[in-house]
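*Asks:* Once you've had a glance at the structure underneath, I'll fire off some questions.
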Amino acid sequence: AEPARPADRVRGRLGRVPVWGLLPAAALIGAVGGGVYGQVKPAQYTATSSVVAVPNGTTSADCTDALGFAQAYGRVATQLAVLGDAQVWAGVPVSTLRESVKVATSPDAPMVAVSATSSSPAQAVDIANAVSRALISEAGFSKERTGIRLERLSRALKPGEPSSASPALTALVGGSGGGLLGGLALLARPRRHGQDGQDGDGEDRGVPSVPGPAAASDARGTLG
């Protein structure tokens with residue numbers, strides 16, 4: 001007989017593993033992977049600085065106009081005209097500013113929130129304050145025409161705890177994802193059918209039976 005290949009031996013051993021063990025094994029692998037990812041990835045810190053748009057008083061611009069200009073300034077806060085000045089005060093290149101800065105505006109208030117994320121809490125504070133300062137400076141160039149100026153509402157403060165997910169949370173997410181994938185693999189596995197009409201669980205799936213020959217008396221009665 002030809003000796004079994006290593007791949008066949010491994011496949012045969014895996015075939016003898018209980019099916020019910022696939023789900024907890026996949027969840028355990030996912031939890032371990034998520035925990036390791038949470039430990040290896042550096043913690044991220046987020047700092048937020050806010051500016052508000054107010055009428056300048058030199059034109060007929062009112063609070064409604066200030067709300068519209070706040071939305072407009074929120075869109076230009078991540079453009080090169082603003083980030084080019086902010087990189088001087090933050091001490092980081094423009095590419096780093098584009099990756100770490102996120103800007104949010106409110107539909108009800110003329111406010112622009114500038115958030116910066118970094119592995120260093122102090123750097124996150126510097127970036128958020130630098131971008132908001134550059135945005136105020138950019139709005140000052142056109143305040144005579146628009147009648148709207150930006151003022152600092154709140155400075156960014158040093159975050160006390162990281163904003164990224166903790167290793168426990170990443171382990172929980174990894175375990176949930178692993179369990180989900182294990183369940184899908186369990187449902188999609190091919191079922192083995194035996195030669196005697198039974199599947200891998202030993203249940204009879206209904207082998208068609210051949211009817212026996214009719215009795216001679218029944219046959220005579222039919223012919224008569």
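Labeling convention for the structure tokens: chains A, B, ... as they appear, residues from 1 per chain, ligands from 1 in order of appearance.
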Show me, as a tab-separated table, the residues of region 112-190 of chain A having an atom within 10 Å of region 26-29 of chain A, each with the closest atom pair and its distance in Å, using only C-alpha atoms.
*Replies:*
residue	atom	partner	partner_atom	distance
A:Ala171	CA	A:Leu28	CA	9.4
A:Leu172	CA	A:Ala27	CA	9.4
A:Val173	CA	A:Ala27	CA	9.8
A:Gly174	CA	A:Ala27	CA	7.5
A:Gly175	CA	A:Ala27	CA	4.5
A:Ser176	CA	A:Ala27	CA	6.4
A:Gly177	CA	A:Ala27	CA	7.2
A:Gly178	CA	A:Ala27	CA	4.4
A:Gly179	CA	A:Ala27	CA	4.2
A:Leu180	CA	A:Ala27	CA	7.8
A:Leu181	CA	A:Ala26	CA	7.3
A:Gly182	CA	A:Ala26	CA	5.3
A:Gly183	CA	A:Ala26	CA	8.6
A:Ala185	CA	A:Ala26	CA	9.8
*Asks:* May I have the residues from that selection written out with all heavy atoms, as a PDB file, in the first residue's frame?
*Replies:*
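Saved file selection08.pdb follows:
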ATOM      1  N   ALA A 171      -9.596  42.402  22.961  1.00  0.00           N
ATOM      2  CA  ALA A 171      -9.731  40.957  23.139  1.00  0.00           C
ATOM      3  C   ALA A 171     -11.187  40.532  23.048  1.00  0.00           C
ATOM      4  O   ALA A 171     -11.511  39.490  22.464  1.00  0.00           O
ATOM      5  CB  ALA A 171      -9.136  40.543  24.486  1.00  0.00           C
ATOM      6  N   LEU A 172     -12.084  41.339  23.615  1.00  0.00           N
ATOM      7  CA  LEU A 172     -13.511  41.026  23.534  1.00  0.00           C
ATOM      8  C   LEU A 172     -14.000  41.080  22.093  1.00  0.00           C
ATOM      9  O   LEU A 172     -14.743  40.199  21.632  1.00  0.00           O
ATOM     10  CB  LEU A 172     -14.302  41.997  24.398  1.00  0.00           C
ATOM     11  CG  LEU A 172     -15.823  41.815  24.419  1.00  0.00           C
ATOM     12  CD1 LEU A 172     -16.195  40.435  24.944  1.00  0.00           C
ATOM     13  CD2 LEU A 172     -16.476  42.902  25.268  1.00  0.00           C
ATOM     14  N   VAL A 173     -13.570  42.100  21.357  1.00  0.00           N
ATOM     15  CA  VAL A 173     -13.971  42.213  19.948  1.00  0.00           C
ATOM     16  C   VAL A 173     -13.385  41.060  19.132  1.00  0.00           C
ATOM     17  O   VAL A 173     -14.066  40.465  18.286  1.00  0.00           O
ATOM     18  CB  VAL A 173     -13.524  43.571  19.381  1.00  0.00           C
ATOM     19  CG1 VAL A 173     -13.780  43.640  17.879  1.00  0.00           C
ATOM     20  CG2 VAL A 173     -14.261  44.701  20.086  1.00  0.00           C
ATOM     21  N   GLY A 174     -12.121  40.726  19.391  1.00  0.00           N
ATOM     22  CA  GLY A 174     -11.512  39.603  18.675  1.00  0.00           C
ATOM     23  C   GLY A 174     -12.191  38.285  18.974  1.00  0.00           C
ATOM     24  O   GLY A 174     -12.386  37.457  18.078  1.00  0.00           O
ATOM     25  N   GLY A 175     -12.558  38.065  20.253  1.00  0.00           N
ATOM     26  CA  GLY A 175     -13.267  36.837  20.597  1.00  0.00           C
ATOM     27  C   GLY A 175     -14.634  36.749  19.942  1.00  0.00           C
ATOM     28  O   GLY A 175     -15.045  35.685  19.479  1.00  0.00           O
ATOM     29  N   SER A 176     -15.339  37.884  19.883  1.00  0.00           N
ATOM     30  CA  SER A 176     -16.656  37.888  19.224  1.00  0.00           C
ATOM     31  C   SER A 176     -16.514  37.613  17.728  1.00  0.00           C
ATOM     32  O   SER A 176     -17.284  36.838  17.155  1.00  0.00           O
ATOM     33  CB  SER A 176     -17.341  39.236  19.453  1.00  0.00           C
ATOM     34  OG  SER A 176     -17.506  39.485  20.832  1.00  0.00           O
ATOM     35  N   GLY A 177     -15.499  38.252  17.098  1.00  0.00           N
ATOM     36  CA  GLY A 177     -15.287  38.004  15.672  1.00  0.00           C
ATOM     37  C   GLY A 177     -14.868  36.573  15.390  1.00  0.00           C
ATOM     38  O   GLY A 177     -15.332  35.961  14.429  1.00  0.00           O
ATOM     39  N   GLY A 178     -13.991  36.019  16.236  1.00  0.00           N
ATOM     40  CA  GLY A 178     -13.586  34.634  16.051  1.00  0.00           C
ATOM     41  C   GLY A 178     -14.732  33.667  16.235  1.00  0.00           C
ATOM     42  O   GLY A 178     -14.868  32.692  15.484  1.00  0.00           O
ATOM     43  N   GLY A 179     -15.576  33.927  17.241  1.00  0.00           N
ATOM     44  CA  GLY A 179     -16.739  33.066  17.423  1.00  0.00           C
ATOM     45  C   GLY A 179     -17.708  33.139  16.259  1.00  0.00           C
ATOM     46  O   GLY A 179     -18.289  32.127  15.858  1.00  0.00           O
ATOM     47  N   LEU A 180     -17.863  34.340  15.692  1.00  0.00           N
ATOM     48  CA  LEU A 180     -18.753  34.490  14.543  1.00  0.00           C
ATOM     49  C   LEU A 180     -18.220  33.733  13.333  1.00  0.00           C
ATOM     50  O   LEU A 180     -18.961  33.008  12.651  1.00  0.00           O
ATOM     51  CB  LEU A 180     -18.913  35.972  14.210  1.00  0.00           C
ATOM     52  CG  LEU A 180     -19.777  36.305  12.985  1.00  0.00           C
ATOM     53  CD1 LEU A 180     -21.192  35.790  13.172  1.00  0.00           C
ATOM     54  CD2 LEU A 180     -19.785  37.809  12.742  1.00  0.00           C
ATOM     55  N   LEU A 181     -16.921  33.868  13.080  1.00  0.00           N
ATOM     56  CA  LEU A 181     -16.336  33.146  11.945  1.00  0.00           C
ATOM     57  C   LEU A 181     -16.387  31.634  12.164  1.00  0.00           C
ATOM     58  O   LEU A 181     -16.620  30.865  11.230  1.00  0.00           O
ATOM     59  CB  LEU A 181     -14.893  33.604  11.737  1.00  0.00           C
ATOM     60  CG  LEU A 181     -14.699  35.049  11.278  1.00  0.00           C
ATOM     61  CD1 LEU A 181     -13.215  35.383  11.159  1.00  0.00           C
ATOM     62  CD2 LEU A 181     -15.396  35.288   9.948  1.00  0.00           C
ATOM     63  N   GLY A 182     -16.165  31.204  13.417  1.00  0.00           N
ATOM     64  CA  GLY A 182     -16.260  29.783  13.697  1.00  0.00           C
ATOM     65  C   GLY A 182     -17.664  29.241  13.491  1.00  0.00           C
ATOM     66  O   GLY A 182     -17.852  28.146  12.978  1.00  0.00           O
ATOM     67  N   GLY A 183     -18.665  30.031  13.891  1.00  0.00           N
ATOM     68  CA  GLY A 183     -20.045  29.608  13.657  1.00  0.00           C
ATOM     69  C   GLY A 183     -20.389  29.526  12.182  1.00  0.00           C
ATOM     70  O   GLY A 183     -21.074  28.591  11.744  1.00  0.00           O
ATOM     71  N   ALA A 185     -18.224  28.962   9.755  1.00  0.00           N
ATOM     72  CA  ALA A 185     -17.534  27.788   9.220  1.00  0.00           C
ATOM     73  C   ALA A 185     -18.233  26.499   9.623  1.00  0.00           C
ATOM     74  O   ALA A 185     -18.267  25.520   8.862  1.00  0.00           O
ATOM     75  CB  ALA A 185     -16.080  27.783   9.704  1.00  0.00           C
TER      76      ALA A 185
END
*Asks:* Set the distance at 7 Å and use only C-alpha atoms: which residues neighbour region 109-117 of chain A once local chain neighbours fewer than 2 positions away are removed? I'd like the list as JSON, numbers by chain.
*Replies:* {"A": [44, 45, 46, 47, 48, 49, 50, 51, 52, 53, 66, 67, 70, 74, 100, 101, 102, 103, 104, 105, 106, 107, 124, 127, 128, 132]}
*Asks:* Name the closest residue to Val125 (chain A) among the candidates A:Lys143, A:Lys158, A:Lys41, A:Arg98; distances are taken between atoms, counting only C-alpha atoms.
*Replies:*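 Going through A:Lys143, A:Lys158, A:Lys41, A:Arg98 one by one, the smallest distance to Val125 (chain A) is for A:Lys158.
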*Asks:* Between A:Glu99, A:Asp62, A:Glu138, A:Glu144, which residue has the minimum interatomic distance to Ala77 (chain A), considering only C-alpha atoms?
*Replies:*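 Closest to Ala77 (chain A) of all the choices is A:Glu138.
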*Asks:* Which residues in region 22-191 of chain A does DSSP call helix (DSSP H, G or I)? List them as an MDAnalysis selection string.
*Replies:* chainID A and resid 22:40 63:76 80:90 94:100 121:140 143:146 167:188
*Asks:* Of the candidates A:Val54, A:Val82, A:Gly35, A:Pro93, which one gets nearest to Ser137 (chain A) if we count only C-alpha atoms?
*Replies:*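 Checking each of A:Val54, A:Val82, A:Gly35, A:Pro93 against Ser137 (chain A), counting only C-alpha atoms, the winner is A:Val82.
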*Asks:* I need the residue nearest Leu135 (chain A) from this list: A:Ala72, A:Leu23, A:Ala168, A:Leu150. Use only C-alpha atoms for the distance.
*Replies:* A:Leu150
*Asks:* Write out as a list in words each polymer residue whose atoms come within 8 Å of Arg149 (chain A), counting only C-alpha atoms; drop sequence neighbours fewer than 2 positions from it.
*Replies:*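 Those residues are Ala53, Val54, Pro55, Asn56, Ile136, Ala139, Gly140, Lys143, Gly147 and Glu151 of chain A.
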*Asks:* Here is a test: counting only C-alpha atoms, which residue of A:Leu83, A:Tyr37, A:Ala156, A:Phe141 is nearest to Gln123 (chain A)?
*Replies:*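 Answer, going by the shortest atom-to-atom distance: A:Ala156.
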*Asks:* Could you go through region 58-136 of chain A and tell me which residues DSSP, when run on the backbone, assigns to strand (DSSP E), listing them as a ChimeraX atom specification?
*Replies:* /A:101-105,111-118
*Asks:* Residues of the last selection are to be written out with N, CA, C and O atoms, as a tab-separated table (two decimals), in the first residue's frame.
*Replies:*
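Done, and the output landed in selection.tsv:
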chain	number	residue	atom	x	y	z
A	101	VAL	N	-5.71	65.24	12.44
A	101	VAL	CA	-6.69	66.28	12.73
A	101	VAL	C	-8.04	65.89	12.14
A	101	VAL	O	-8.15	65.47	10.99
A	102	LYS	N	-9.08	66.07	12.93
A	102	LYS	CA	-10.47	65.90	12.51
A	102	LYS	C	-11.25	67.12	12.98
A	102	LYS	O	-11.08	67.58	14.11
A	103	VAL	N	-12.13	67.63	12.10
A	103	VAL	CA	-12.89	68.84	12.38
A	103	VAL	C	-14.37	68.50	12.36
A	103	VAL	O	-14.85	67.77	11.48
A	104	ALA	N	-15.10	69.03	13.33
A	104	ALA	CA	-16.54	68.81	13.42
A	104	ALA	C	-17.24	70.14	13.64
A	104	ALA	O	-16.72	71.03	14.34
A	105	THR	N	-18.40	70.28	13.02
A	105	THR	CA	-19.23	71.47	13.18
A	105	THR	C	-20.61	71.07	13.66
A	105	THR	O	-21.00	69.90	13.57
A	111	MET	N	-20.07	76.87	15.85
A	111	MET	CA	-18.87	76.42	16.54
A	111	MET	C	-18.13	75.40	15.69
A	111	MET	O	-18.75	74.60	14.98
A	112	VAL	N	-16.81	75.46	15.75
A	112	VAL	CA	-15.95	74.52	15.04
A	112	VAL	C	-15.07	73.84	16.08
A	112	VAL	O	-14.36	74.52	16.84
A	113	ALA	N	-15.11	72.50	16.15
A	113	ALA	CA	-14.30	71.72	17.08
A	113	ALA	C	-13.16	71.07	16.31
A	113	ALA	O	-13.39	70.34	15.34
A	114	VAL	N	-11.95	71.32	16.74
A	114	VAL	CA	-10.74	70.77	16.12
A	114	VAL	C	-10.15	69.73	17.06
A	114	VAL	O	-9.74	70.07	18.18
A	115	SER	N	-10.13	68.46	16.64
A	115	SER	CA	-9.60	67.37	17.46
A	115	SER	C	-8.33	66.82	16.82
A	115	SER	O	-8.26	66.68	15.60
A	116	ALA	N	-7.36	66.53	17.64
A	116	ALA	CA	-6.09	65.98	17.18
A	116	ALA	C	-5.78	64.72	17.97
A	116	ALA	O	-5.98	64.67	19.19
A	117	THR	N	-5.32	63.70	17.28
A	117	THR	CA	-5.01	62.40	17.88
A	117	THR	C	-3.53	62.10	17.68
A	117	THR	O	-3.01	62.24	16.57
A	118	SER	N	-2.87	61.66	18.74
A	118	SER	CA	-1.45	61.35	18.68
A	118	SER	C	-1.11	60.35	19.77
A	118	SER	O	-1.86	60.19	20.74
*Asks:* Restricting the calculation to only C-alpha atoms, which member of A:Thr146, A:Thr78, A:Ser119, A:Thr64 is positioned closest to Ser163 (chain A)?
*Replies:*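 Of A:Thr146, A:Thr78, A:Ser119, A:Thr64, the one nearest Ser163 (chain A) is A:Ser119, counting only C-alpha atoms.
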